[in-house]
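Structure file target_29.cif; described as mmCIF, N, CA and C atoms.
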data_coords
#
loop_
_atom_site.label_atom_id
_atom_site.label_comp_id
_atom_site.auth_asym_id
_atom_site.auth_seq_id
_atom_site.Cartn_x
_atom_site.Cartn_y
_atom_site.Cartn_z
N MET A 1 228.59 -5.56 -30.62
CA MET A 1 227.53 -6.30 -30.00
C MET A 1 226.22 -5.98 -30.73
N ASP A 2 225.55 -7.02 -31.19
CA ASP A 2 224.31 -6.87 -31.95
C ASP A 2 223.11 -6.90 -31.00
N LEU A 3 222.42 -5.78 -30.89
CA LEU A 3 221.28 -5.68 -29.99
C LEU A 3 219.96 -6.05 -30.67
N SER A 4 219.98 -6.35 -31.95
CA SER A 4 218.73 -6.67 -32.65
C SER A 4 218.09 -7.95 -32.12
N CYS A 5 218.89 -8.97 -31.79
CA CYS A 5 218.34 -10.21 -31.23
C CYS A 5 217.73 -9.95 -29.86
N PHE A 6 218.42 -9.12 -29.08
CA PHE A 6 217.93 -8.79 -27.75
C PHE A 6 216.60 -8.03 -27.84
N SER A 7 216.53 -7.03 -28.72
CA SER A 7 215.30 -6.24 -28.83
C SER A 7 214.16 -7.09 -29.41
N MET A 8 214.46 -8.02 -30.32
CA MET A 8 213.43 -8.90 -30.87
C MET A 8 212.90 -9.81 -29.76
N GLY A 9 213.78 -10.31 -28.90
CA GLY A 9 213.36 -11.16 -27.78
C GLY A 9 212.49 -10.41 -26.80
N MET A 10 212.87 -9.19 -26.49
CA MET A 10 212.09 -8.37 -25.57
C MET A 10 210.72 -8.05 -26.17
N TRP A 11 210.68 -7.78 -27.47
CA TRP A 11 209.42 -7.50 -28.14
C TRP A 11 208.51 -8.73 -28.07
N SER A 12 209.07 -9.92 -28.29
CA SER A 12 208.29 -11.16 -28.23
C SER A 12 207.73 -11.40 -26.83
N ILE A 13 208.55 -11.16 -25.81
CA ILE A 13 208.09 -11.33 -24.44
C ILE A 13 206.97 -10.34 -24.13
N GLY A 14 207.13 -9.10 -24.56
CA GLY A 14 206.10 -8.08 -24.34
C GLY A 14 204.80 -8.43 -25.04
N ALA A 15 204.88 -8.91 -26.27
CA ALA A 15 203.68 -9.29 -27.01
C ALA A 15 203.00 -10.48 -26.33
N GLY A 16 203.79 -11.42 -25.86
CA GLY A 16 203.23 -12.58 -25.15
C GLY A 16 202.53 -12.17 -23.86
N ALA A 17 203.14 -11.23 -23.14
CA ALA A 17 202.54 -10.74 -21.90
C ALA A 17 201.23 -10.02 -22.17
N LEU A 18 201.19 -9.21 -23.21
CA LEU A 18 199.94 -8.52 -23.58
C LEU A 18 198.85 -9.51 -23.97
N GLY A 19 199.24 -10.53 -24.72
CA GLY A 19 198.27 -11.56 -25.12
C GLY A 19 197.73 -12.32 -23.92
N ALA A 20 198.61 -12.65 -22.98
CA ALA A 20 198.19 -13.36 -21.77
C ALA A 20 197.26 -12.48 -20.94
N ALA A 21 197.57 -11.20 -20.84
CA ALA A 21 196.72 -10.27 -20.08
C ALA A 21 195.35 -10.14 -20.73
N ALA A 22 195.31 -10.05 -22.04
CA ALA A 22 194.04 -9.94 -22.75
C ALA A 22 193.20 -11.20 -22.55
N LEU A 23 193.83 -12.36 -22.62
CA LEU A 23 193.12 -13.62 -22.41
C LEU A 23 192.60 -13.72 -20.99
N ALA A 24 193.42 -13.30 -20.02
CA ALA A 24 192.99 -13.33 -18.63
C ALA A 24 191.78 -12.43 -18.42
N LEU A 25 191.78 -11.25 -19.01
CA LEU A 25 190.62 -10.35 -18.91
C LEU A 25 189.37 -10.97 -19.52
N LEU A 26 189.54 -11.60 -20.67
CA LEU A 26 188.41 -12.26 -21.33
C LEU A 26 187.84 -13.36 -20.45
N LEU A 27 188.70 -14.22 -19.91
CA LEU A 27 188.23 -15.33 -19.10
C LEU A 27 187.61 -14.87 -17.79
N ALA A 28 188.17 -13.83 -17.19
CA ALA A 28 187.68 -13.36 -15.89
C ALA A 28 186.36 -12.61 -16.00
N ASN A 29 186.08 -12.02 -17.15
CA ASN A 29 184.91 -11.16 -17.26
C ASN A 29 183.81 -11.66 -18.17
N THR A 30 183.95 -12.84 -18.71
CA THR A 30 182.89 -13.38 -19.56
C THR A 30 182.63 -14.83 -19.19
N ASP A 31 181.55 -15.38 -19.68
CA ASP A 31 181.25 -16.79 -19.47
C ASP A 31 181.31 -17.56 -20.79
N VAL A 32 182.09 -17.04 -21.73
CA VAL A 32 182.17 -17.62 -23.06
C VAL A 32 182.60 -19.09 -23.02
N PHE A 33 183.54 -19.42 -22.15
CA PHE A 33 184.08 -20.77 -22.14
C PHE A 33 183.50 -21.65 -21.04
N LEU A 34 182.54 -21.13 -20.27
CA LEU A 34 181.92 -21.91 -19.20
C LEU A 34 180.78 -22.75 -19.77
N PRO A 35 180.56 -23.93 -19.19
CA PRO A 35 179.43 -24.73 -19.65
C PRO A 35 178.12 -24.02 -19.30
N LYS A 36 177.15 -24.14 -20.15
CA LYS A 36 175.85 -23.52 -19.92
C LYS A 36 175.08 -24.35 -18.90
N SER A 37 174.54 -23.68 -17.90
CA SER A 37 173.81 -24.40 -16.86
C SER A 37 172.32 -24.47 -17.22
N ARG A 38 171.67 -25.45 -16.63
CA ARG A 38 170.24 -25.62 -16.82
C ARG A 38 169.50 -24.63 -15.96
N ARG A 39 168.40 -24.12 -16.46
CA ARG A 39 167.56 -23.24 -15.65
C ARG A 39 166.91 -24.06 -14.54
N ALA A 40 166.84 -23.48 -13.37
CA ALA A 40 166.23 -24.16 -12.23
C ALA A 40 164.71 -23.96 -12.28
N THR A 41 164.07 -24.66 -13.19
CA THR A 41 162.61 -24.58 -13.31
C THR A 41 161.98 -25.33 -12.14
N LEU A 42 160.73 -25.07 -11.90
CA LEU A 42 160.02 -25.75 -10.83
C LEU A 42 160.04 -27.26 -11.05
N GLU A 43 159.87 -27.69 -12.29
CA GLU A 43 159.88 -29.12 -12.60
C GLU A 43 161.24 -29.74 -12.25
N TYR A 44 162.31 -29.01 -12.51
CA TYR A 44 163.66 -29.50 -12.20
C TYR A 44 163.85 -29.56 -10.68
N LEU A 45 163.47 -28.49 -9.99
CA LEU A 45 163.68 -28.42 -8.54
C LEU A 45 162.82 -29.42 -7.78
N GLU A 46 161.62 -29.73 -8.28
CA GLU A 46 160.74 -30.69 -7.61
C GLU A 46 161.40 -32.04 -7.42
N ASP A 47 162.24 -32.41 -8.35
CA ASP A 47 162.83 -33.75 -8.36
C ASP A 47 164.15 -33.85 -7.60
N VAL A 48 164.61 -32.76 -7.00
CA VAL A 48 165.87 -32.76 -6.26
C VAL A 48 165.71 -33.58 -4.98
N ASP A 49 166.68 -34.45 -4.70
CA ASP A 49 166.68 -35.23 -3.47
C ASP A 49 167.33 -34.42 -2.36
N LEU A 50 166.61 -34.25 -1.26
CA LEU A 50 167.13 -33.56 -0.08
C LEU A 50 167.21 -34.54 1.07
N LYS A 51 168.06 -34.22 2.02
CA LYS A 51 168.27 -35.08 3.18
C LYS A 51 168.11 -34.25 4.45
N THR A 52 167.48 -34.84 5.45
CA THR A 52 167.40 -34.17 6.75
C THR A 52 168.76 -34.28 7.43
N LEU A 53 168.98 -33.46 8.44
CA LEU A 53 170.28 -33.44 9.12
C LEU A 53 170.25 -34.16 10.46
N GLU A 54 169.32 -35.06 10.62
CA GLU A 54 169.18 -35.82 11.87
C GLU A 54 170.21 -36.94 11.92
N LYS A 55 170.26 -37.65 13.07
CA LYS A 55 171.16 -38.81 13.20
C LYS A 55 170.83 -39.88 12.17
N ASP A 56 169.54 -40.14 12.00
CA ASP A 56 169.06 -41.07 10.99
C ASP A 56 168.41 -40.25 9.89
N PRO A 57 169.20 -39.80 8.89
CA PRO A 57 168.65 -38.89 7.88
C PRO A 57 167.60 -39.54 7.00
N ARG A 58 166.62 -38.74 6.64
CA ARG A 58 165.55 -39.17 5.74
C ARG A 58 165.76 -38.44 4.43
N THR A 59 165.67 -39.16 3.32
CA THR A 59 165.78 -38.55 1.99
C THR A 59 164.38 -38.39 1.42
N PHE A 60 164.14 -37.24 0.80
CA PHE A 60 162.82 -36.95 0.23
C PHE A 60 162.98 -36.01 -0.96
N LYS A 61 161.93 -35.88 -1.74
CA LYS A 61 161.93 -34.97 -2.89
C LYS A 61 161.66 -33.54 -2.42
N ALA A 62 162.32 -32.60 -3.01
CA ALA A 62 162.23 -31.20 -2.60
C ALA A 62 160.80 -30.66 -2.68
N LYS A 63 160.00 -31.18 -3.59
CA LYS A 63 158.64 -30.64 -3.75
C LYS A 63 157.81 -30.77 -2.47
N GLU A 64 158.23 -31.69 -1.58
CA GLU A 64 157.53 -31.82 -0.30
C GLU A 64 157.62 -30.55 0.54
N LEU A 65 158.66 -29.75 0.30
CA LEU A 65 158.84 -28.53 1.08
C LEU A 65 157.76 -27.50 0.81
N TRP A 66 157.34 -27.36 -0.43
CA TRP A 66 156.39 -26.30 -0.79
C TRP A 66 155.04 -26.82 -1.27
N GLU A 67 154.86 -28.13 -1.27
CA GLU A 67 153.67 -28.76 -1.83
C GLU A 67 152.37 -28.30 -1.16
N LYS A 68 152.36 -28.15 0.16
CA LYS A 68 151.11 -27.84 0.87
C LYS A 68 150.81 -26.34 0.94
N ASN A 69 151.77 -25.55 1.43
CA ASN A 69 151.51 -24.13 1.67
C ASN A 69 152.52 -23.21 1.01
N GLY A 70 153.30 -23.69 0.10
CA GLY A 70 154.39 -22.89 -0.44
C GLY A 70 155.51 -22.85 0.60
N ALA A 71 156.56 -22.12 0.34
CA ALA A 71 157.67 -22.04 1.29
C ALA A 71 158.62 -20.94 0.86
N VAL A 72 159.40 -20.46 1.82
CA VAL A 72 160.52 -19.58 1.54
C VAL A 72 161.76 -20.44 1.77
N ILE A 73 162.57 -20.57 0.73
CA ILE A 73 163.74 -21.46 0.80
C ILE A 73 164.99 -20.66 0.48
N MET A 74 165.94 -20.72 1.40
CA MET A 74 167.22 -20.04 1.20
C MET A 74 168.25 -21.08 0.74
N ALA A 75 168.88 -20.81 -0.40
CA ALA A 75 169.97 -21.65 -0.87
C ALA A 75 171.26 -21.10 -0.26
N VAL A 76 171.91 -21.89 0.57
CA VAL A 76 173.08 -21.45 1.32
C VAL A 76 174.33 -22.03 0.68
N ARG A 77 175.19 -21.17 0.20
CA ARG A 77 176.43 -21.63 -0.43
C ARG A 77 177.42 -22.12 0.61
N ARG A 78 177.71 -21.29 1.60
CA ARG A 78 178.65 -21.65 2.66
C ARG A 78 178.07 -21.22 4.00
N PRO A 79 177.68 -22.15 4.86
CA PRO A 79 177.12 -21.78 6.15
C PRO A 79 178.08 -20.96 7.02
N GLY A 80 179.37 -21.05 6.76
CA GLY A 80 180.35 -20.29 7.53
C GLY A 80 180.56 -18.87 7.02
N CYS A 81 179.99 -18.54 5.88
CA CYS A 81 180.16 -17.22 5.25
C CYS A 81 179.35 -16.18 6.02
N PHE A 82 179.99 -15.06 6.37
CA PHE A 82 179.28 -14.04 7.14
C PHE A 82 178.15 -13.41 6.35
N LEU A 83 178.28 -13.34 5.01
CA LEU A 83 177.18 -12.80 4.20
C LEU A 83 175.97 -13.74 4.22
N CYS A 84 176.22 -15.05 4.16
CA CYS A 84 175.13 -16.02 4.23
C CYS A 84 174.46 -15.95 5.60
N ARG A 85 175.26 -15.78 6.64
CA ARG A 85 174.70 -15.68 8.00
C ARG A 85 173.87 -14.41 8.15
N GLU A 86 174.33 -13.33 7.57
CA GLU A 86 173.58 -12.07 7.63
C GLU A 86 172.24 -12.21 6.90
N GLU A 87 172.27 -12.83 5.72
CA GLU A 87 171.03 -13.04 4.97
C GLU A 87 170.09 -13.97 5.74
N ALA A 88 170.65 -14.99 6.38
CA ALA A 88 169.84 -15.92 7.17
C ALA A 88 169.16 -15.19 8.33
N ALA A 89 169.89 -14.32 9.00
CA ALA A 89 169.31 -13.56 10.10
C ALA A 89 168.20 -12.63 9.60
N ASP A 90 168.41 -12.01 8.43
CA ASP A 90 167.38 -11.15 7.85
C ASP A 90 166.12 -11.93 7.52
N LEU A 91 166.30 -13.09 6.89
CA LEU A 91 165.14 -13.94 6.56
C LEU A 91 164.45 -14.42 7.83
N SER A 92 165.23 -14.78 8.83
CA SER A 92 164.67 -15.28 10.08
C SER A 92 163.84 -14.22 10.80
N SER A 93 164.15 -12.96 10.56
CA SER A 93 163.35 -11.89 11.18
C SER A 93 161.93 -11.88 10.62
N LEU A 94 161.73 -12.50 9.46
CA LEU A 94 160.39 -12.59 8.85
C LEU A 94 159.60 -13.80 9.34
N LYS A 95 160.25 -14.68 10.10
CA LYS A 95 159.61 -15.93 10.51
C LYS A 95 158.27 -15.74 11.22
N PRO A 96 158.14 -14.80 12.18
CA PRO A 96 156.82 -14.64 12.82
C PRO A 96 155.70 -14.32 11.81
N LYS A 97 155.99 -13.48 10.86
CA LYS A 97 154.99 -13.13 9.83
C LYS A 97 154.70 -14.34 8.94
N LEU A 98 155.76 -15.07 8.56
CA LEU A 98 155.57 -16.28 7.75
C LEU A 98 154.74 -17.32 8.50
N ASP A 99 155.01 -17.47 9.81
CA ASP A 99 154.23 -18.41 10.62
C ASP A 99 152.75 -18.02 10.65
N GLU A 100 152.48 -16.72 10.75
CA GLU A 100 151.10 -16.22 10.70
C GLU A 100 150.40 -16.64 9.41
N LEU A 101 151.16 -16.58 8.32
CA LEU A 101 150.61 -16.91 7.01
C LEU A 101 150.63 -18.41 6.72
N GLY A 102 151.27 -19.19 7.60
CA GLY A 102 151.36 -20.63 7.41
C GLY A 102 152.39 -21.04 6.36
N VAL A 103 153.37 -20.17 6.14
CA VAL A 103 154.42 -20.45 5.14
C VAL A 103 155.71 -20.81 5.88
N PRO A 104 156.22 -22.02 5.66
CA PRO A 104 157.45 -22.44 6.35
C PRO A 104 158.70 -21.79 5.77
N LEU A 105 159.74 -21.72 6.61
CA LEU A 105 161.03 -21.16 6.22
C LEU A 105 162.06 -22.30 6.26
N TYR A 106 162.75 -22.52 5.12
CA TYR A 106 163.73 -23.59 5.01
C TYR A 106 165.04 -23.05 4.43
N ALA A 107 166.11 -23.81 4.68
CA ALA A 107 167.40 -23.54 4.04
C ALA A 107 167.91 -24.85 3.48
N VAL A 108 168.66 -24.75 2.39
CA VAL A 108 169.28 -25.93 1.78
C VAL A 108 170.77 -25.63 1.65
N VAL A 109 171.59 -26.53 2.20
CA VAL A 109 173.04 -26.41 2.10
C VAL A 109 173.56 -27.47 1.15
N LYS A 110 174.73 -27.23 0.59
CA LYS A 110 175.29 -28.17 -0.39
C LYS A 110 176.28 -29.15 0.23
N GLU A 111 176.72 -28.87 1.46
CA GLU A 111 177.70 -29.75 2.10
C GLU A 111 177.69 -29.51 3.60
N GLN A 112 178.21 -30.50 4.32
CA GLN A 112 178.37 -30.39 5.76
C GLN A 112 179.85 -30.54 6.06
N ILE A 113 180.52 -29.44 6.36
CA ILE A 113 181.95 -29.48 6.67
C ILE A 113 182.11 -29.11 8.13
N GLY A 114 182.67 -30.01 8.90
CA GLY A 114 182.90 -29.73 10.31
C GLY A 114 181.61 -29.33 11.01
N THR A 115 181.67 -28.21 11.71
CA THR A 115 180.50 -27.75 12.47
C THR A 115 179.84 -26.55 11.80
N GLU A 116 180.11 -26.31 10.51
CA GLU A 116 179.57 -25.13 9.83
C GLU A 116 178.05 -25.03 9.91
N VAL A 117 177.36 -26.13 9.65
CA VAL A 117 175.89 -26.09 9.66
C VAL A 117 175.39 -25.87 11.08
N LYS A 118 175.99 -26.55 12.04
CA LYS A 118 175.60 -26.37 13.45
C LYS A 118 175.83 -24.92 13.89
N ASP A 119 176.96 -24.34 13.47
CA ASP A 119 177.27 -22.95 13.81
C ASP A 119 176.37 -21.96 13.08
N PHE A 120 175.78 -22.39 11.97
CA PHE A 120 174.88 -21.55 11.17
C PHE A 120 173.48 -21.47 11.78
N GLN A 121 173.09 -22.52 12.50
CA GLN A 121 171.72 -22.64 13.00
C GLN A 121 171.26 -21.48 13.90
N PRO A 122 172.11 -20.87 14.71
CA PRO A 122 171.62 -19.71 15.49
C PRO A 122 171.19 -18.53 14.62
N TYR A 123 171.69 -18.45 13.40
CA TYR A 123 171.34 -17.34 12.50
C TYR A 123 170.07 -17.62 11.70
N PHE A 124 169.69 -18.89 11.60
CA PHE A 124 168.56 -19.28 10.76
C PHE A 124 167.52 -19.99 11.62
N LYS A 125 166.30 -19.49 11.59
CA LYS A 125 165.23 -19.99 12.47
C LYS A 125 164.33 -21.06 11.84
N GLY A 126 164.69 -21.55 10.67
CA GLY A 126 163.90 -22.59 10.03
C GLY A 126 164.67 -23.90 9.97
N GLU A 127 164.07 -24.89 9.32
CA GLU A 127 164.73 -26.18 9.15
C GLU A 127 165.77 -26.09 8.04
N ILE A 128 166.83 -26.90 8.17
CA ILE A 128 167.92 -26.90 7.20
C ILE A 128 168.04 -28.31 6.63
N PHE A 129 168.19 -28.38 5.30
CA PHE A 129 168.31 -29.66 4.61
C PHE A 129 169.58 -29.67 3.76
N LEU A 130 169.98 -30.87 3.35
CA LEU A 130 171.21 -31.07 2.60
C LEU A 130 170.90 -31.54 1.18
N ASP A 131 171.50 -30.88 0.19
CA ASP A 131 171.43 -31.30 -1.22
C ASP A 131 172.80 -31.87 -1.57
N GLU A 132 172.98 -33.17 -1.35
CA GLU A 132 174.29 -33.80 -1.53
C GLU A 132 174.78 -33.79 -2.97
N LYS A 133 173.85 -33.84 -3.92
CA LYS A 133 174.26 -33.90 -5.32
C LYS A 133 174.38 -32.52 -5.96
N VAL A 134 174.17 -31.48 -5.20
CA VAL A 134 174.28 -30.08 -5.62
C VAL A 134 173.55 -29.84 -6.94
N HIS A 135 172.24 -29.82 -6.85
CA HIS A 135 171.40 -29.59 -8.02
C HIS A 135 171.23 -28.12 -8.35
N VAL A 136 171.49 -27.27 -7.37
CA VAL A 136 171.29 -25.83 -7.56
C VAL A 136 172.65 -25.13 -7.50
N ARG A 137 172.93 -24.24 -8.43
CA ARG A 137 174.15 -23.43 -8.39
C ARG A 137 173.97 -22.40 -7.30
N TRP A 138 174.83 -22.44 -6.33
CA TRP A 138 174.67 -21.64 -5.12
C TRP A 138 175.18 -20.24 -5.31
N ALA A 139 174.49 -19.30 -4.75
CA ALA A 139 174.91 -17.91 -4.83
C ALA A 139 175.32 -17.44 -3.44
N CYS A 140 176.20 -16.46 -3.42
CA CYS A 140 176.58 -15.82 -2.16
C CYS A 140 177.65 -14.79 -2.48
#

Take the structure in the file and write it out as structure tokens.
Amino acid sequence: MDLSCFSMGMWSIGAGALGAAALALLLANTDVFLPKSRRATLEYLEDVDLKTLEKDPRTFKAKELWEKNGAVIMAVRRPGCFLCREEAADLSSLKPKLDELGVPLYAVVKEQIGTEVKDFQPYFKGEIFLDEKVHVRWAC
């Protein structure tokens, strides 16, 4: 029985597995193959279309949020995420001080799934708006 074919096959499988593992590490830990995103400059963000969450939604340009007195705006990736809710509660604790300074507190969500936004509202004490076209890469 010739074991050379068997050992050559096992060596090939092992080399393939090592190559796949190396590629997986490269893809998981670098952004080499990801498309480069645009910087969210003020000029870019000013032109973002936002929508109110009322029955009859109104669409407006994002610059309206900070045009008069500036604003604190939270970009919410997932309203159902406990980390987003914790951050919202922390920001909301600043609302009395922000109100004293005349600075509004807003949040922008990228989607409305089920009751996520409604369930998020007790954690966030400011107005919430929708960015349907997802102009901002969300963090969380």

Run the PyMOL selection byres ((chain A and resi 108) around 7) on the file and write out the hits as a PDB file with N, CA and C atoms, in the coordinates of the input.
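As a result, out.pdb now contains:
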ATOM      1  N   ILE A  73     162.570 -20.570   0.730  1.00  0.00           N
ATOM      2  CA  ILE A  73     163.740 -21.460   0.800  1.00  0.00           C
ATOM      3  C   ILE A  73     164.990 -20.660   0.480  1.00  0.00           C
ATOM      4  N   MET A  74     165.940 -20.720   1.400  1.00  0.00           N
ATOM      5  CA  MET A  74     167.220 -20.040   1.200  1.00  0.00           C
ATOM      6  C   MET A  74     168.250 -21.080   0.740  1.00  0.00           C
ATOM      7  N   ALA A  75     168.880 -20.810  -0.400  1.00  0.00           N
ATOM      8  CA  ALA A  75     169.970 -21.650  -0.870  1.00  0.00           C
ATOM      9  C   ALA A  75     171.260 -21.100  -0.260  1.00  0.00           C
ATOM     10  N   VAL A  76     171.910 -21.890   0.570  1.00  0.00           N
ATOM     11  CA  VAL A  76     173.080 -21.450   1.320  1.00  0.00           C
ATOM     12  C   VAL A  76     174.330 -22.030   0.680  1.00  0.00           C
ATOM     13  N   ARG A  77     175.190 -21.170   0.200  1.00  0.00           N
ATOM     14  CA  ARG A  77     176.430 -21.630  -0.430  1.00  0.00           C
ATOM     15  C   ARG A  77     177.420 -22.120   0.610  1.00  0.00           C
ATOM     16  N   TYR A 106     162.750 -22.520   5.120  1.00  0.00           N
ATOM     17  CA  TYR A 106     163.730 -23.590   5.010  1.00  0.00           C
ATOM     18  C   TYR A 106     165.040 -23.050   4.430  1.00  0.00           C
ATOM     19  N   ALA A 107     166.110 -23.810   4.680  1.00  0.00           N
ATOM     20  CA  ALA A 107     167.400 -23.540   4.040  1.00  0.00           C
ATOM     21  C   ALA A 107     167.910 -24.850   3.480  1.00  0.00           C
ATOM     22  N   VAL A 109     171.590 -26.530   2.200  1.00  0.00           N
ATOM     23  CA  VAL A 109     173.040 -26.410   2.100  1.00  0.00           C
ATOM     24  C   VAL A 109     173.560 -27.470   1.150  1.00  0.00           C
ATOM     25  N   LYS A 110     174.730 -27.230   0.590  1.00  0.00           N
ATOM     26  CA  LYS A 110     175.290 -28.170  -0.390  1.00  0.00           C
ATOM     27  C   LYS A 110     176.280 -29.150   0.230  1.00  0.00           C
ATOM     28  N   GLU A 111     176.720 -28.870   1.460  1.00  0.00           N
ATOM     29  CA  GLU A 111     177.700 -29.750   2.100  1.00  0.00           C
ATOM     30  C   GLU A 111     177.690 -29.510   3.600  1.00  0.00           C
ATOM     31  N   GLU A 127     164.070 -24.890   9.320  1.00  0.00           N
ATOM     32  CA  GLU A 127     164.730 -26.180   9.150  1.00  0.00           C
ATOM     33  C   GLU A 127     165.770 -26.090   8.040  1.00  0.00           C
ATOM     34  N   ILE A 128     166.830 -26.900   8.170  1.00  0.00           N
ATOM     35  CA  ILE A 128     167.920 -26.900   7.200  1.00  0.00           C
ATOM     36  C   ILE A 128     168.040 -28.310   6.630  1.00  0.00           C
ATOM     37  N   PHE A 129     168.190 -28.380   5.300  1.00  0.00           N
ATOM     38  CA  PHE A 129     168.310 -29.660   4.610  1.00  0.00           C
ATOM     39  C   PHE A 129     169.580 -29.670   3.760  1.00  0.00           C
ATOM     40  N   LEU A 130     169.980 -30.870   3.350  1.00  0.00           N
ATOM     41  CA  LEU A 130     171.210 -31.070   2.600  1.00  0.00           C
ATOM     42  C   LEU A 130     170.900 -31.540   1.180  1.00  0.00           C
ATOM     43  N   ASP A 131     171.500 -30.880   0.190  1.00  0.00           N
ATOM     44  CA  ASP A 131     171.430 -31.300  -1.220  1.00  0.00           C
ATOM     45  C   ASP A 131     172.800 -31.870  -1.570  1.00  0.00           C
TER      46      ASP A 131
END

Run the PyMOL selection byres ((chain A and resi 71) around 8) on the file and write out the hits as a ChimeraX atom specification.
/A:65-70,72-74,102-106

With distances taken over all atoms listed in the file, which of A:Cys81, A:Thr30, A:Lys61, A:Asp90 is nearest to Phe120 of chain A?
A:Cys81

What gap, in Å, lies between atom CA of Leu50 of chain A and atom CA of Glu132 of chain A?
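Here the two named atoms are 7.3 Å from each other.
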
Just asking: which residues within chain A are helix (DSSP H, G or I) according to DSSP, as a ChimeraX atom specification?
/A:4-29,42-46,63-66,82-92,95-101,116-123

One decimal, in Å: what's the spacing between atom CA of Val48 of chain A and atom C of Glu64 of chain A?
10.9 Å

Residues flagged strand (DSSP E) by DSSP in segment 71-107 of chain A, as a ChimeraX atom specification:
/A:72-76,105-107

How would the residues just chosen look if you wrote them out with N, CA and C atoms as a compact mmCIF listing (two decimals), in the coordinates of the input?
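out16.txt written:
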# COMPACT_ATOMS: atom_id res chain seq x y z
N VAL A 72 159.40 -20.46 1.82
CA VAL A 72 160.52 -19.58 1.54
C VAL A 72 161.76 -20.44 1.77
N ILE A 73 162.57 -20.57 0.73
CA ILE A 73 163.74 -21.46 0.80
C ILE A 73 164.99 -20.66 0.48
N MET A 74 165.94 -20.72 1.40
CA MET A 74 167.22 -20.04 1.20
C MET A 74 168.25 -21.08 0.74
N ALA A 75 168.88 -20.81 -0.40
CA ALA A 75 169.97 -21.65 -0.87
C ALA A 75 171.26 -21.10 -0.26
N VAL A 76 171.91 -21.89 0.57
CA VAL A 76 173.08 -21.45 1.32
C VAL A 76 174.33 -22.03 0.68
N LEU A 105 159.74 -21.72 6.61
CA LEU A 105 161.03 -21.16 6.22
C LEU A 105 162.06 -22.30 6.26
N TYR A 106 162.75 -22.52 5.12
CA TYR A 106 163.73 -23.59 5.01
C TYR A 106 165.04 -23.05 4.43
N ALA A 107 166.11 -23.81 4.68
CA ALA A 107 167.40 -23.54 4.04
C ALA A 107 167.91 -24.85 3.48

Result set, the PyMOL selection byres (((chain A and resi 85-88 and name CA) around 10) and name CA) on current file, as a PyMOL selection string
chain A and resi 74-76+78-84+89-93+107+119-126+140

Would you mind exporting the chosen residues as a CSV table (one decimal), keeping the file's coordinate frame, restricted to N, CA and C atoms?
chain,number,residue,atom,x,y,z
A,74,MET,N,165.9,-20.7,1.4
A,74,MET,CA,167.2,-20.0,1.2
A,74,MET,C,168.2,-21.1,0.7
A,75,ALA,N,168.9,-20.8,-0.4
A,75,ALA,CA,170.0,-21.6,-0.9
A,75,ALA,C,171.3,-21.1,-0.3
A,76,VAL,N,171.9,-21.9,0.6
A,76,VAL,CA,173.1,-21.4,1.3
A,76,VAL,C,174.3,-22.0,0.7
A,78,ARG,N,177.7,-21.3,1.6
A,78,ARG,CA,178.6,-21.6,2.7
A,78,ARG,C,178.1,-21.2,4.0
A,79,PRO,N,177.7,-22.2,4.9
A,79,PRO,CA,177.1,-21.8,6.2
A,79,PRO,C,178.1,-21.0,7.0
A,80,GLY,N,179.4,-21.0,6.8
A,80,GLY,CA,180.4,-20.3,7.5
A,80,GLY,C,180.6,-18.9,7.0
A,81,CYS,N,180.0,-18.5,5.9
A,81,CYS,CA,180.2,-17.2,5.2
A,81,CYS,C,179.4,-16.2,6.0
A,82,PHE,N,180.0,-15.1,6.4
A,82,PHE,CA,179.3,-14.0,7.1
A,82,PHE,C,178.2,-13.4,6.4
A,83,LEU,N,178.3,-13.3,5.0
A,83,LEU,CA,177.2,-12.8,4.2
A,83,LEU,C,176.0,-13.7,4.2
A,84,CYS,N,176.2,-15.0,4.2
A,84,CYS,CA,175.1,-16.0,4.2
A,84,CYS,C,174.5,-16.0,5.6
A,89,ALA,N,169.9,-14.3,9.0
A,89,ALA,CA,169.3,-13.6,10.1
A,89,ALA,C,168.2,-12.6,9.6
A,90,ASP,N,168.4,-12.0,8.4
A,90,ASP,CA,167.4,-11.2,7.8
A,90,ASP,C,166.1,-11.9,7.5
A,91,LEU,N,166.3,-13.1,6.9
A,91,LEU,CA,165.1,-13.9,6.6
A,91,LEU,C,164.4,-14.4,7.8
A,92,SER,N,165.2,-14.8,8.8
A,92,SER,CA,164.7,-15.3,10.1
A,92,SER,C,163.8,-14.2,10.8
A,93,SER,N,164.2,-13.0,10.6
A,93,SER,CA,163.4,-11.9,11.2
A,93,SER,C,161.9,-11.9,10.6
A,107,ALA,N,166.1,-23.8,4.7
A,107,ALA,CA,167.4,-23.5,4.0
A,107,ALA,C,167.9,-24.8,3.5
A,119,ASP,N,177.0,-24.3,13.5
A,119,ASP,CA,177.3,-23.0,13.8
A,119,ASP,C,176.4,-22.0,13.1
A,120,PHE,N,175.8,-22.4,12.0
A,120,PHE,CA,174.9,-21.6,11.2
A,120,PHE,C,173.5,-21.5,11.8
A,121,GLN,N,173.1,-22.5,12.5
A,121,GLN,CA,171.7,-22.6,13.0
A,121,GLN,C,171.3,-21.5,13.9
A,122,PRO,N,172.1,-20.9,14.7
A,122,PRO,CA,171.6,-19.7,15.5
A,122,PRO,C,171.2,-18.5,14.6
A,123,TYR,N,171.7,-18.4,13.4
A,123,TYR,CA,171.3,-17.3,12.5
A,123,TYR,C,170.1,-17.6,11.7
A,124,PHE,N,169.7,-18.9,11.6
A,124,PHE,CA,168.6,-19.3,10.8
A,124,PHE,C,167.5,-20.0,11.6
A,125,LYS,N,166.3,-19.5,11.6
A,125,LYS,CA,165.2,-20.0,12.5
A,125,LYS,C,164.3,-21.1,11.8
A,126,GLY,N,164.7,-21.6,10.7
A,126,GLY,CA,163.9,-22.6,10.0
A,126,GLY,C,164.7,-23.9,10.0
A,140,CYS,N,176.2,-16.5,-3.4
A,140,CYS,CA,176.6,-15.8,-2.2
A,140,CYS,C,177.6,-14.8,-2.5

Coordinates-based distance that separates atom CA of Lys133 of chain A from atom CA of Asp49 of chain A (Å, one decimal)
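It comes out at 7.9 Å.
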